[in-house]
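File shown: work13.txt (compact mmCIF, C-alpha atoms).
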# COMPACT_ATOMS: atom_id res chain seq x y z
CA MET F 1 65.50 45.51 91.87
CA ILE F 2 68.91 45.76 93.56
CA SER F 3 70.98 48.80 92.59
CA GLY F 4 74.59 48.57 91.42
CA GLU F 5 75.79 50.04 94.72
CA LEU F 6 73.98 47.40 96.78
CA LEU F 7 75.14 44.63 94.44
CA SER F 8 78.76 45.66 94.82
CA ILE F 9 78.34 45.74 98.63
CA LEU F 10 76.85 42.24 98.52
CA GLN F 11 79.59 41.03 96.19
CA LEU F 12 82.37 42.44 98.41
CA THR F 13 80.78 40.89 101.50
CA VAL F 14 80.47 37.43 99.96
CA VAL F 15 84.02 37.48 98.50
CA VAL F 16 85.61 38.65 101.76
CA ALA F 17 83.52 36.20 103.83
CA LEU F 18 84.58 33.36 101.50
CA ALA F 19 88.25 34.39 101.86
CA ALA F 20 87.81 34.51 105.64
CA THR F 21 86.17 31.07 105.63
CA LEU F 22 89.07 29.60 103.64
CA ALA F 23 91.50 31.29 106.03
CA MET F 24 89.74 29.99 109.16
CA LEU F 25 89.61 26.37 107.96
CA PRO F 26 93.28 25.28 108.38
CA PRO F 27 93.72 26.66 111.92
CA GLY F 28 90.15 25.67 112.81
CA VAL F 29 90.57 22.05 111.71
CA ALA F 30 94.03 21.78 113.32
CA LEU F 31 92.72 23.18 116.61
CA ALA F 32 89.65 20.94 116.50
CA LEU F 33 91.76 17.82 115.96
CA TRP F 34 94.16 18.83 118.72
CA LEU F 35 91.32 19.55 121.16
CA ALA F 36 89.67 16.23 120.27
CA ARG F 37 92.85 14.21 120.85
CA SER F 38 95.06 16.06 123.30
CA ARG F 39 95.35 15.32 126.99
CA SER F 40 97.65 18.30 127.60
CA TRP F 41 96.99 20.74 130.45
CA LEU F 42 96.98 23.44 127.76
CA LYS F 43 93.73 22.08 126.35
CA ALA F 44 91.39 23.91 128.75
CA PRO F 45 93.01 27.36 128.38
CA VAL F 46 93.21 27.04 124.58
CA GLU F 47 89.59 25.88 124.40
CA THR F 48 88.53 28.87 126.50
CA LEU F 49 90.58 31.30 124.43
CA VAL F 50 89.11 30.02 121.16
CA THR F 51 85.56 30.28 122.54
CA LEU F 52 85.99 33.82 123.89
CA PRO F 53 84.93 35.65 120.68
CA LEU F 54 81.53 33.92 120.96
CA VAL F 55 80.80 35.55 124.33
CA LEU F 56 82.85 38.78 124.33
CA PRO F 57 81.19 41.91 122.97
CA PRO F 58 82.40 42.01 119.33
CA VAL F 59 83.55 45.60 119.84
CA ALA F 60 85.81 44.38 122.67
CA THR F 61 87.28 41.72 120.34
CA GLY F 62 87.83 44.46 117.75
CA PHE F 63 89.53 46.64 120.37
CA LEU F 64 91.86 43.78 121.36
CA LEU F 65 92.69 43.17 117.69
CA LEU F 66 93.38 46.88 117.28
CA ARG F 67 95.83 46.77 120.18
CA LEU F 68 97.47 43.74 118.64
CA LEU F 69 97.56 44.80 114.98
CA GLY F 70 97.59 48.62 115.17
CA ARG F 71 100.80 50.43 114.23
CA ARG F 72 101.73 50.70 117.89
CA GLY F 73 100.40 47.21 118.73
CA TRP F 74 102.56 44.23 119.73
CA PHE F 75 102.39 42.58 116.35
CA GLY F 76 101.32 45.61 114.29
CA ALA F 77 104.60 47.42 115.01
CA LEU F 78 106.53 44.54 113.46
CA LEU F 79 104.24 44.55 110.42
CA ASP F 80 104.58 48.33 110.14
CA ARG F 81 108.38 48.02 110.03
CA ALA F 82 107.97 45.48 107.22
CA GLY F 83 105.75 47.95 105.36
CA ILE F 84 102.55 45.93 105.85
CA ASP F 85 99.45 47.90 106.71
CA ILE F 86 96.51 45.96 108.14
CA ILE F 87 94.16 48.31 109.99
CA PHE F 88 91.35 49.87 107.89
CA THR F 89 92.05 47.59 104.92
CA TRP F 90 90.24 44.51 103.60
CA LYS F 91 92.89 42.44 105.40
CA ALA F 92 91.62 43.74 108.75
CA LEU F 93 88.12 42.80 107.69
CA VAL F 94 89.22 39.23 106.89
CA ILE F 95 91.04 38.98 110.23
CA ALA F 96 87.96 40.18 112.16
CA MET F 97 85.79 37.63 110.33
CA VAL F 98 88.29 34.82 110.95
CA VAL F 99 88.50 35.54 114.68
CA MET F 100 84.71 35.74 115.04
CA GLY F 101 84.01 32.65 112.90
CA LEU F 102 86.82 30.40 114.16
CA PRO F 103 84.98 29.17 117.31
CA LEU F 104 82.13 27.86 115.15
CA VAL F 105 84.49 25.95 112.84
CA VAL F 106 86.40 24.51 115.80
CA ARG F 107 83.26 23.40 117.67
CA SER F 108 81.67 21.70 114.68
CA ALA F 109 84.86 20.04 113.39
CA ARG F 110 85.79 18.88 116.89
CA ALA F 111 82.44 17.11 117.23
CA GLY F 112 83.24 15.30 113.96
CA PHE F 113 86.68 14.20 115.18
CA GLU F 114 85.19 13.02 118.47
CA GLN F 115 82.43 10.97 116.84
CA GLY F 116 84.09 7.64 116.29
CA THR F 117 87.02 8.48 114.03
CA ARG F 118 89.62 7.41 116.64
CA ARG F 119 89.05 3.68 116.15
CA PHE F 120 89.69 3.98 112.40
CA GLU F 121 92.75 6.17 112.97
CA GLN F 122 94.16 3.47 115.24
CA MET F 123 93.51 0.79 112.62
CA ALA F 124 95.30 2.93 110.01
CA GLU F 125 98.25 3.27 112.41
CA THR F 126 98.47 -0.49 112.88
CA LEU F 127 98.73 -0.68 109.08
CA GLY F 128 101.79 1.58 109.15
CA ALA F 129 100.22 4.96 108.29
CA GLY F 130 102.00 8.06 109.60
CA PRO F 131 100.20 11.08 111.13
CA LEU F 132 99.78 13.02 107.85
CA ARG F 133 98.44 10.00 105.96
CA VAL F 134 96.07 9.16 108.82
CA PHE F 135 94.80 12.75 108.83
CA LEU F 136 94.38 13.04 105.05
CA THR F 137 92.97 9.57 104.36
CA ILE F 138 91.02 8.78 107.54
CA SER F 139 90.35 11.66 109.99
CA LEU F 140 89.46 14.39 107.50
CA PRO F 141 87.30 12.30 105.13
CA LEU F 142 85.35 10.84 108.07
CA ALA F 143 84.84 14.26 109.70
CA ARG F 144 84.20 16.07 106.41
CA ARG F 145 80.50 16.75 107.08
CA SER F 146 81.27 18.34 110.44
CA VAL F 147 84.12 20.39 108.95
CA LEU F 148 81.87 21.57 106.10
CA ALA F 149 79.02 22.33 108.50
CA GLY F 150 81.45 24.39 110.61
CA ALA F 151 82.74 26.19 107.52
CA LEU F 152 79.18 27.16 106.55
CA LEU F 153 78.48 28.45 110.06
CA GLY F 154 81.76 30.37 110.00
CA PHE F 155 80.81 31.82 106.60
CA SER F 156 77.39 32.88 107.92
CA ARG F 157 79.02 34.48 110.95
CA ALA F 158 81.51 36.29 108.68
CA LEU F 159 78.67 37.61 106.50
CA GLY F 160 77.03 39.29 109.48
CA GLU F 161 80.21 40.47 111.24
CA PHE F 162 79.80 44.05 112.47
CA GLY F 163 81.33 45.05 115.82
CA ALA F 164 84.93 43.90 115.44
CA SER F 165 85.00 44.89 111.75
CA MET F 166 83.76 48.39 112.55
CA VAL F 167 86.63 48.90 115.02
CA ILE F 168 89.55 47.58 112.94
CA ALA F 169 88.35 47.90 109.34
CA GLY F 170 85.99 50.89 109.41
CA SER F 171 83.35 51.22 106.70
CA ILE F 172 85.24 52.28 103.59
CA PRO F 173 83.06 52.01 100.46
CA GLY F 174 84.44 49.47 98.01
CA GLU F 175 87.07 48.20 100.44
CA THR F 176 85.70 47.34 103.87
CA ARG F 177 82.02 48.30 103.68
CA THR F 178 80.20 45.01 104.08
CA VAL F 179 76.44 44.39 104.20
CA ALA F 180 76.23 44.80 107.99
CA LEU F 181 78.29 48.00 108.01
CA ALA F 182 76.41 49.43 105.02
CA MET F 183 73.02 48.66 106.60
CA TYR F 184 74.01 50.56 109.71
CA GLY F 185 75.11 53.51 107.56
CA PHE F 186 71.87 53.44 105.53
CA LEU F 187 69.73 53.41 108.68
CA GLU F 188 71.69 56.37 110.07
CA THR F 189 71.10 58.39 106.89
CA GLY F 190 67.43 57.47 106.39
CA ARG F 191 67.96 55.03 103.50
CA ASP F 192 65.62 52.49 105.11
CA HIS F 193 64.63 50.89 101.80
CA ASP F 194 68.25 50.07 100.90
CA ALA F 195 68.84 48.76 104.44
CA ALA F 196 65.77 46.52 104.09
CA THR F 197 66.95 45.22 100.70
CA LEU F 198 70.35 44.26 102.17
CA ALA F 199 68.63 42.71 105.20
CA VAL F 200 66.51 40.48 102.95
CA ALA F 201 69.51 39.52 100.79
CA SER F 202 71.63 38.60 103.84
CA LEU F 203 68.68 36.72 105.33
CA VAL F 204 68.40 34.56 102.20
CA ILE F 205 72.17 33.81 102.04
CA ALA F 206 72.43 33.08 105.78
CA PHE F 207 69.26 30.92 105.72
CA VAL F 208 70.62 28.73 102.92
CA ALA F 209 74.05 28.39 104.59
CA VAL F 210 72.62 27.49 108.02
CA TRP F 211 70.03 25.15 106.47
CA ILE F 212 72.76 23.20 104.62
CA SER F 213 74.94 23.20 107.75
CA ASN F 214 72.12 21.76 109.88
CA ARG F 215 71.40 19.16 107.23
CA LEU F 216 75.05 18.07 107.20
CA VAL F 217 75.02 17.74 110.99
CA ARG F 218 71.81 15.65 110.87
CA GLU F 219 73.27 13.33 108.22
CA ARG F 220 76.43 12.96 110.30
CA ALA F 221 74.35 11.87 113.28
CA MET G 222 100.91 -27.64 107.24
CA LEU G 223 104.45 -26.71 106.23
CA ASP G 224 107.08 -27.25 108.85
CA GLN G 225 108.26 -23.65 109.24
CA PRO G 226 110.40 -22.65 112.24
CA HIS G 227 108.57 -21.20 115.23
CA VAL G 228 109.24 -17.59 116.23
CA PRO G 229 110.30 -16.76 119.78
CA LEU G 230 107.69 -14.56 121.47
CA THR G 231 107.70 -12.89 124.86
CA VAL G 232 104.55 -11.25 126.18
CA MET G 233 104.60 -9.85 129.69
CA ALA G 234 102.01 -7.18 130.45
CA GLN G 235 100.31 -5.65 133.45
CA LEU G 236 97.49 -3.18 133.06
CA THR G 237 94.68 -2.04 135.33
CA GLN G 238 91.48 -0.58 133.97
CA GLY G 239 88.78 0.14 136.52
CA SER G 240 88.13 -3.10 138.37
CA PHE G 241 89.76 -5.21 135.64
CA ALA G 242 93.40 -6.20 135.97
CA LEU G 243 95.44 -7.79 133.19
CA ASP G 244 98.49 -9.69 134.38
CA VAL G 245 99.97 -11.92 131.72
CA SER G 246 103.34 -13.53 131.32
CA TRP G 247 104.09 -15.90 128.45
CA GLN G 248 107.27 -16.87 126.71
CA GLY G 249 107.77 -19.51 124.10
CA ASP G 250 108.10 -20.34 120.43
CA CYS G 251 105.07 -19.47 118.42
CA ARG G 252 103.68 -20.13 114.96
CA LEU G 253 99.98 -19.92 115.53
CA LEU G 254 99.19 -19.46 119.18
CA GLY G 255 95.57 -19.99 120.16
CA LEU G 256 94.24 -17.86 123.01
CA PHE G 257 91.10 -19.32 124.48
CA GLY G 258 88.85 -17.98 127.21
CA PRO G 259 85.39 -16.70 128.05
CA SER G 260 84.13 -13.21 127.21
CA GLY G 261 85.60 -10.61 129.53
CA SER G 262 88.70 -12.64 130.32
CA GLY G 263 90.98 -9.99 128.79
CA LYS G 264 91.84 -11.58 125.42
CA THR G 265 91.05 -8.46 123.38
CA THR G 266 92.78 -6.21 125.91
CA LEU G 267 95.92 -8.34 125.62
CA LEU G 268 95.88 -8.09 121.81
CA GLU G 269 95.41 -4.32 122.04
CA VAL G 270 98.38 -4.07 124.39
CA ILE G 271 100.53 -6.05 121.92
CA ALA G 272 99.28 -3.89 119.02
CA GLY G 273 100.12 -0.73 120.96
CA LEU G 274 96.54 0.53 121.23
CA ARG G 275 96.71 0.39 125.04
CA ARG G 276 99.62 1.44 127.18
CA PRO G 277 100.36 -1.01 129.96
CA ARG G 278 101.81 -0.11 133.36
CA HIS G 279 104.55 -2.73 133.06
CA ALA G 280 105.30 -4.70 129.94
CA ARG G 281 107.91 -6.47 127.91
CA ILE G 282 106.87 -7.61 124.45
CA VAL G 283 109.43 -9.15 122.13
CA VAL G 284 108.66 -10.68 118.73
CA SER G 285 111.50 -12.74 117.34
CA ASP G 286 114.44 -10.63 118.54
CA ARG G 287 112.64 -7.28 118.18
CA VAL G 288 111.67 -5.48 121.39
CA LEU G 289 108.32 -3.73 120.86
CA VAL G 290 107.83 -2.65 124.46
CA ASP G 291 110.05 -2.75 127.49
CA THR G 292 108.86 -0.44 130.25
CA ALA G 293 112.00 -1.24 132.26
CA THR G 294 114.20 0.43 129.64
CA GLY G 295 111.59 2.95 128.42
CA THR G 296 111.28 1.28 125.01
CA HIS G 297 107.90 1.87 123.40
CA THR G 298 107.62 1.25 119.67
CA HIS G 299 104.88 3.35 118.08
CA VAL G 300 101.82 1.50 116.77
CA ARG G 301 102.68 2.28 113.14
CA ASP G 302 106.20 0.85 113.49
CA ARG G 303 105.23 -2.46 115.13
CA GLY G 304 104.46 -4.27 111.89
CA ILE G 305 101.22 -5.65 113.29
CA GLY G 306 98.44 -7.13 111.19
CA TYR G 307 95.39 -6.72 113.40
CA ALA G 308 91.97 -8.14 112.53
CA PRO G 309 89.59 -7.00 115.28
CA GLN G 310 86.30 -8.72 116.03
CA ASP G 311 84.27 -5.69 114.91
CA ALA G 312 86.29 -5.57 111.64
CA ALA G 313 86.65 -1.75 111.96
CA LEU G 314 86.70 -1.33 108.19
CA PHE G 315 87.21 2.20 106.93
CA PRO G 316 83.61 3.19 106.10
CA HIS G 317 84.51 5.69 103.38
CA LEU G 318 86.66 3.25 101.37
CA ASP G 319 85.49 0.30 99.28
CA VAL G 320 86.67 -3.27 99.84
CA ARG G 321 89.75 -2.81 97.63
CA GLY G 322 90.64 0.47 99.37
CA ASN G 323 90.43 -1.24 102.75
CA ILE G 324 92.47 -4.29 101.79
CA THR G 325 95.24 -2.34 100.08
CA TYR G 326 95.48 0.42 102.74
CA GLY G 327 98.46 -1.17 104.48
CA ALA G 328 99.88 -2.84 101.38
CA GLY G 329 102.58 -0.19 100.96
CA ARG G 330 104.38 -1.44 104.06
CA GLY G 331 107.49 -3.22 102.78
CA GLY G 332 106.14 -5.44 100.01
CA SER G 333 102.70 -6.94 100.01
CA ALA G 334 101.13 -10.35 99.91
CA PRO G 335 99.68 -11.35 96.50
CA LEU G 336 96.12 -10.05 96.57
CA ASP G 337 94.53 -12.64 94.29
CA GLY G 338 95.51 -15.57 96.51
CA LEU G 339 94.18 -13.82 99.61
CA LEU G 340 90.87 -12.97 97.98
CA ARG G 341 90.50 -16.57 96.79
CA MET G 342 91.38 -18.02 100.18
CA LEU G 343 88.88 -15.80 101.97
CA GLU G 344 86.28 -16.20 99.19
CA ILE G 345 85.81 -12.46 98.75
CA GLU G 346 86.81 -12.05 95.10
CA PRO G 347 83.32 -10.90 94.02
CA LEU G 348 83.29 -8.22 96.74
CA ILE G 349 86.45 -6.40 95.70
CA ASP G 350 84.80 -3.29 94.19
CA ARG G 351 81.83 -3.13 96.55
CA PRO G 352 81.32 -0.40 99.15
CA ILE G 353 81.53 -1.85 102.62
CA GLN G 354 78.09 -0.60 103.67
CA GLY G 355 76.33 -3.46 101.88
CA LEU G 356 78.50 -6.24 103.32
CA SER G 357 77.27 -8.76 105.88
CA GLY G 358 79.04 -9.18 109.24
CA GLY G 359 80.90 -12.27 108.00
CA GLU G 360 81.96 -10.55 104.78
CA ARG G 361 83.24 -7.57 106.75
CA GLN G 362 85.31 -9.84 108.97
CA ARG G 363 86.85 -11.60 105.97
CA VAL G 364 87.74 -8.22 104.41
CA ALA G 365 89.32 -7.15 107.72
CA LEU G 366 91.31 -10.38 107.76
CA ALA G 367 92.46 -9.77 104.18
CA ARG G 368 93.49 -6.23 105.15
CA ALA G 369 95.61 -7.55 108.00
CA LEU G 370 97.22 -10.30 105.88
CA ALA G 371 97.87 -7.99 102.91
CA SER G 372 99.92 -5.58 105.01
CA SER G 373 102.94 -7.94 105.22
CA PRO G 374 102.99 -7.92 109.01
CA SER G 375 105.64 -9.38 111.26
CA LEU G 376 102.97 -10.47 113.76
CA LEU G 377 99.31 -11.26 113.16
CA LEU G 378 96.72 -10.57 115.86
CA LEU G 379 93.40 -12.19 115.04
CA ASP G 380 90.55 -11.39 117.42
CA GLU G 381 87.62 -13.72 116.72
CA PRO G 382 88.34 -12.97 113.05
CA LEU G 383 85.59 -15.19 111.64
CA SER G 384 83.02 -15.31 114.46
CA ALA G 385 80.23 -14.03 112.18
CA VAL G 386 81.03 -16.53 109.39
CA ASP G 387 79.00 -19.76 109.18
CA VAL G 388 80.74 -22.84 110.59
CA PRO G 389 81.61 -24.81 107.39
CA LEU G 390 83.13 -21.77 105.66
CA ARG G 391 84.85 -20.70 108.88
CA ARG G 392 86.55 -24.07 109.33
CA ARG G 393 87.54 -24.17 105.65
CA ILE G 394 89.11 -20.70 105.84
CA LEU G 395 90.83 -21.47 109.16
CA GLU G 396 92.53 -24.50 107.63
CA LEU G 397 93.77 -22.46 104.65
CA LEU G 398 94.75 -19.62 106.97
CA GLY G 399 96.87 -22.00 109.06
CA SER G 400 98.74 -23.10 105.93
CA TRP G 401 99.08 -19.48 104.73
CA ILE G 402 100.54 -18.38 108.05
CA ALA G 403 102.98 -21.30 108.13
CA GLU G 404 104.06 -20.66 104.55
CA ALA G 405 104.51 -16.93 105.14
CA GLY G 406 106.47 -17.61 108.33
CA ILE G 407 104.50 -14.95 110.21
CA PRO G 408 103.73 -15.72 113.86
CA ALA G 409 100.09 -15.26 114.82
CA ILE G 410 97.95 -15.06 117.91
CA HIS G 411 94.40 -16.22 117.30
CA VAL G 412 91.82 -15.32 119.93
CA SER G 413 88.58 -17.23 120.21
CA HIS G 414 86.06 -18.39 122.78
CA ASP G 415 85.45 -21.44 120.57
CA GLU G 416 88.12 -24.04 121.31
CA ALA G 417 87.13 -26.13 118.27
CA ASP G 418 88.04 -23.18 115.99
CA LEU G 419 91.47 -22.93 117.57
CA ARG G 420 92.09 -26.64 117.19
CA VAL G 421 91.79 -26.32 113.40
CA ALA G 422 95.08 -24.50 112.97
CA ALA G 423 96.74 -23.48 116.25
CA ASP G 424 99.88 -25.39 117.22
CA GLN G 425 99.36 -24.59 120.88
CA ILE G 426 96.46 -23.18 122.88
CA VAL G 427 96.67 -21.21 126.10
CA VAL G 428 93.69 -20.50 128.32
CA MET G 429 92.93 -17.09 129.74
CA SER G 430 90.64 -16.25 132.65
CA ASP G 431 90.13 -13.06 134.67
CA GLY G 432 93.05 -11.30 133.00
CA ARG G 433 95.53 -14.16 133.57
CA LEU G 434 96.87 -17.09 131.59
CA VAL G 435 95.76 -20.12 133.58
CA GLY G 436 97.04 -23.08 131.57
CA GLN G 437 97.17 -24.91 128.26
CA ALA G 438 94.26 -26.60 126.51

Is it possible to give me this structure as structure tokens?
Amino acid sequence: MISGELLSILQLTVVVALAATLAMLPPGVALALWLARSRSWLKAPVETLVTLPLVLPPVATGFLLLRLLGRRGWFGALLDRAGIDIIFTWKALVIAMVVMGLPLVVRSARAGFEQGTRRFEQMAETLGAGPLRVFLTISLPLARRSVLAGALLGFSRALGEFGASMVIAGSIPGETRTVALAMYGFLETGRDHDAATLAVASLVIAFVAVWISNRLVRERA
Amino acid sequence: MLDQPHVPLTVMAQLTQGSFALDVSWQGDCRLLGLFGPSGSGKTTLLEVIAGLRRPRHARIVVSDRVLVDTATGTHTHVRDRGIGYAPQDAALFPHLDVRGNITYGAGRGGSAPLDGLLRMLEIEPLIDRPIQGLSGGERQRVALARALASSPSLLLLDEPLSAVDVPLRRRILELLGSWIAEAGIPAIHVSHDEADLRVAADQIVVMSDGRLVGQA
């Protein structure tokens, strides 16, 4: 039986991960489409930058975000002047999840846009459709499985986010303490049973999400 | 066929792609121009250049008095603004839309041709609400042709539009199509490697070989 404390941790994690997934979709899809179509010299550097969170130590990504969004950071100082506090709030948690999950959304959606949608986009253009209509009625519907598969992978990644979240969001119960952060805390304080319960719960959620994602990719192929 | 005025057409295009070189220059009055030649002679490439799907090195393409491309002056009309009705050989129907969705996709472009007449002419009335996945190759081509005609184009580009349709039906549709095109006053270029098909409706036929126009048939 899962205790109320563990349930609320699970609930917070799923809600924040869902918010992060919704937030990573628009930039992820836009970047994927641009990378699939562009011939600009900027393509290689942007592609590399987007992929970096996959290979950097998550703590390093968190540190970079801290330098960017902290009160004395480049962007954080501006936000601070506007009275917006990011670090050690749920917003920081969402940002960490978005940054870590974005590469997965971009990679999957890009594969969808590269798999034969161009021909149909061209046909739509010959019929007078503008860029927005082509995107909404042709590109996105045809790449929907890849976009959804990427969103599920991004969601799974967000669920398990630890390193970057720990640095910029901390582990504040009820606000930023997600499953991964709580498990670490439980193991440190000898609450192995609670850590195991959360591990099993996250395993089940992640298994279902990745299973559906793989199925979508197979059907696309 | 109705005696509609011919439309002045200028097509000059040079494009190199790997070992293939397209070098075409044609100017004349056109109603339904037949373009005949063997596979690989560059017919499809030429249509794609006119449609704006390929960017030529040098080109001047003028339909009626409208300049679509003139590399000398830097004019390059975007694909969506060319007013082209393109029926490619592979049909390229939108796989996620049904037959009606495909045919009406371009119908918003400045008035549209009456749908019922088109469906009757192409003998696809019973298919209108079907998904495209179940259609045969010939049915797909006829839907693609309807999509091109329904978009009220100012130039029709027909690339082997009925090659997968059986001969009697093909000839019947080509005759009706010739009349439809003449009545609508829309110039058309019809590509085929079957000269007999072109003779059904084309008012002149030019022959293409190795990327060049080599004469009239």

For chain G, report every residue with an atom at most 9 Å from chain F (counting only C-alpha atoms), formatted as a short mmCIF file (atom, residue, chain, number, x, y, z; two decimals) with C-alpha atoms, keeping the file's coordinate frame.
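selection.cif written:
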data_model
loop_
_atom_site.label_atom_id
_atom_site.label_comp_id
_atom_site.auth_asym_id
_atom_site.auth_seq_id
_atom_site.Cartn_x
_atom_site.Cartn_y
_atom_site.Cartn_z
CA ALA G 272 99.28 -3.89 119.02
CA GLY G 273 100.12 -0.73 120.96
CA LEU G 274 96.54 0.53 121.23
CA HIS G 299 104.88 3.35 118.08
CA VAL G 300 101.82 1.50 116.77
CA ARG G 301 102.68 2.28 113.14
CA ASP G 302 106.20 0.85 113.49
CA ARG G 303 105.23 -2.46 115.13
CA GLY G 304 104.46 -4.27 111.89
CA ILE G 305 101.22 -5.65 113.29
CA GLY G 306 98.44 -7.13 111.19
CA TYR G 307 95.39 -6.72 113.40
CA ALA G 313 86.65 -1.75 111.96
CA LEU G 314 86.70 -1.33 108.19
CA PHE G 315 87.21 2.20 106.93
CA PRO G 316 83.61 3.19 106.10
CA HIS G 317 84.51 5.69 103.38
CA TYR G 326 95.48 0.42 102.74
CA GLY G 327 98.46 -1.17 104.48
CA ALA G 328 99.88 -2.84 101.38
CA GLY G 329 102.58 -0.19 100.96
CA ARG G 330 104.38 -1.44 104.06
CA ARG G 368 93.49 -6.23 105.15
CA ALA G 369 95.61 -7.55 108.00
CA SER G 372 99.92 -5.58 105.01
CA PRO G 374 102.99 -7.92 109.01
#

Original post:
Hey, what's within 10 Å of G:Leu340 if we count all atoms listed in the file and toss same-chain stuff fewer than 4 positions away? As a count of residues only, please?
Top reply: 13

**OP:** Would you please work out which residue, of F:Leu10, F:Leu104, F:Ala196, F:Val46, is nearest to F:Leu148 when using only C-alpha atoms?
**Re:**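 Of the candidates, the smallest distance to F:Leu148 is held by F:Leu104.
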
Original post:
So which residues touch G:His227 within 6 Å, counting all atoms listed in the file, skipping near sequence neighbours fewer than 4 positions away, as a list in words?
Top reply: Asp250, Cys251 and Arg252 of chain G

Subject >> Straight-line distance linking atom CA of F:Ile172 with atom CA of F:Tyr184, stated in Å to one decimal >> reply: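 Result for atom CA of F:Ile172 versus atom CA of F:Tyr184: 12.9 Å, one decimal.
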
**OP:** Considering all atoms listed in the file, return as an MDAnalysis selection string whatever protein or nucleic-acid residues lie within 12 Å of G:Ala417, sequence-local ones (same chain, fewer than 6 positions apart) excluded.
**Re:** chainID G and resid 255:257 388 391:392 395 423 426 438

**OP:** Pick out the residues sitting within 7 Å of stretch 61-67 of chain F, and hand them over as a ChimeraX atom specification; count all atoms listed in the file, and ignore anything fewer than 5 positions along from it in its own chain.
**Re:** /F:53,56,73,163-165,167-168

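Across the structure, atom CA of G:Lys264 and atom CA of G:Leu343 are spaced 24.0 Å apart.
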
**OP:** Can you pull out every residue within 9 Å of G:Ser285, counting only C-alpha atoms, but drop anything in the same chain fewer than 5 positions away, and send it as a list in words?
**Re:** Val228, Pro229, Leu230, Thr231 and Asp250 of chain G
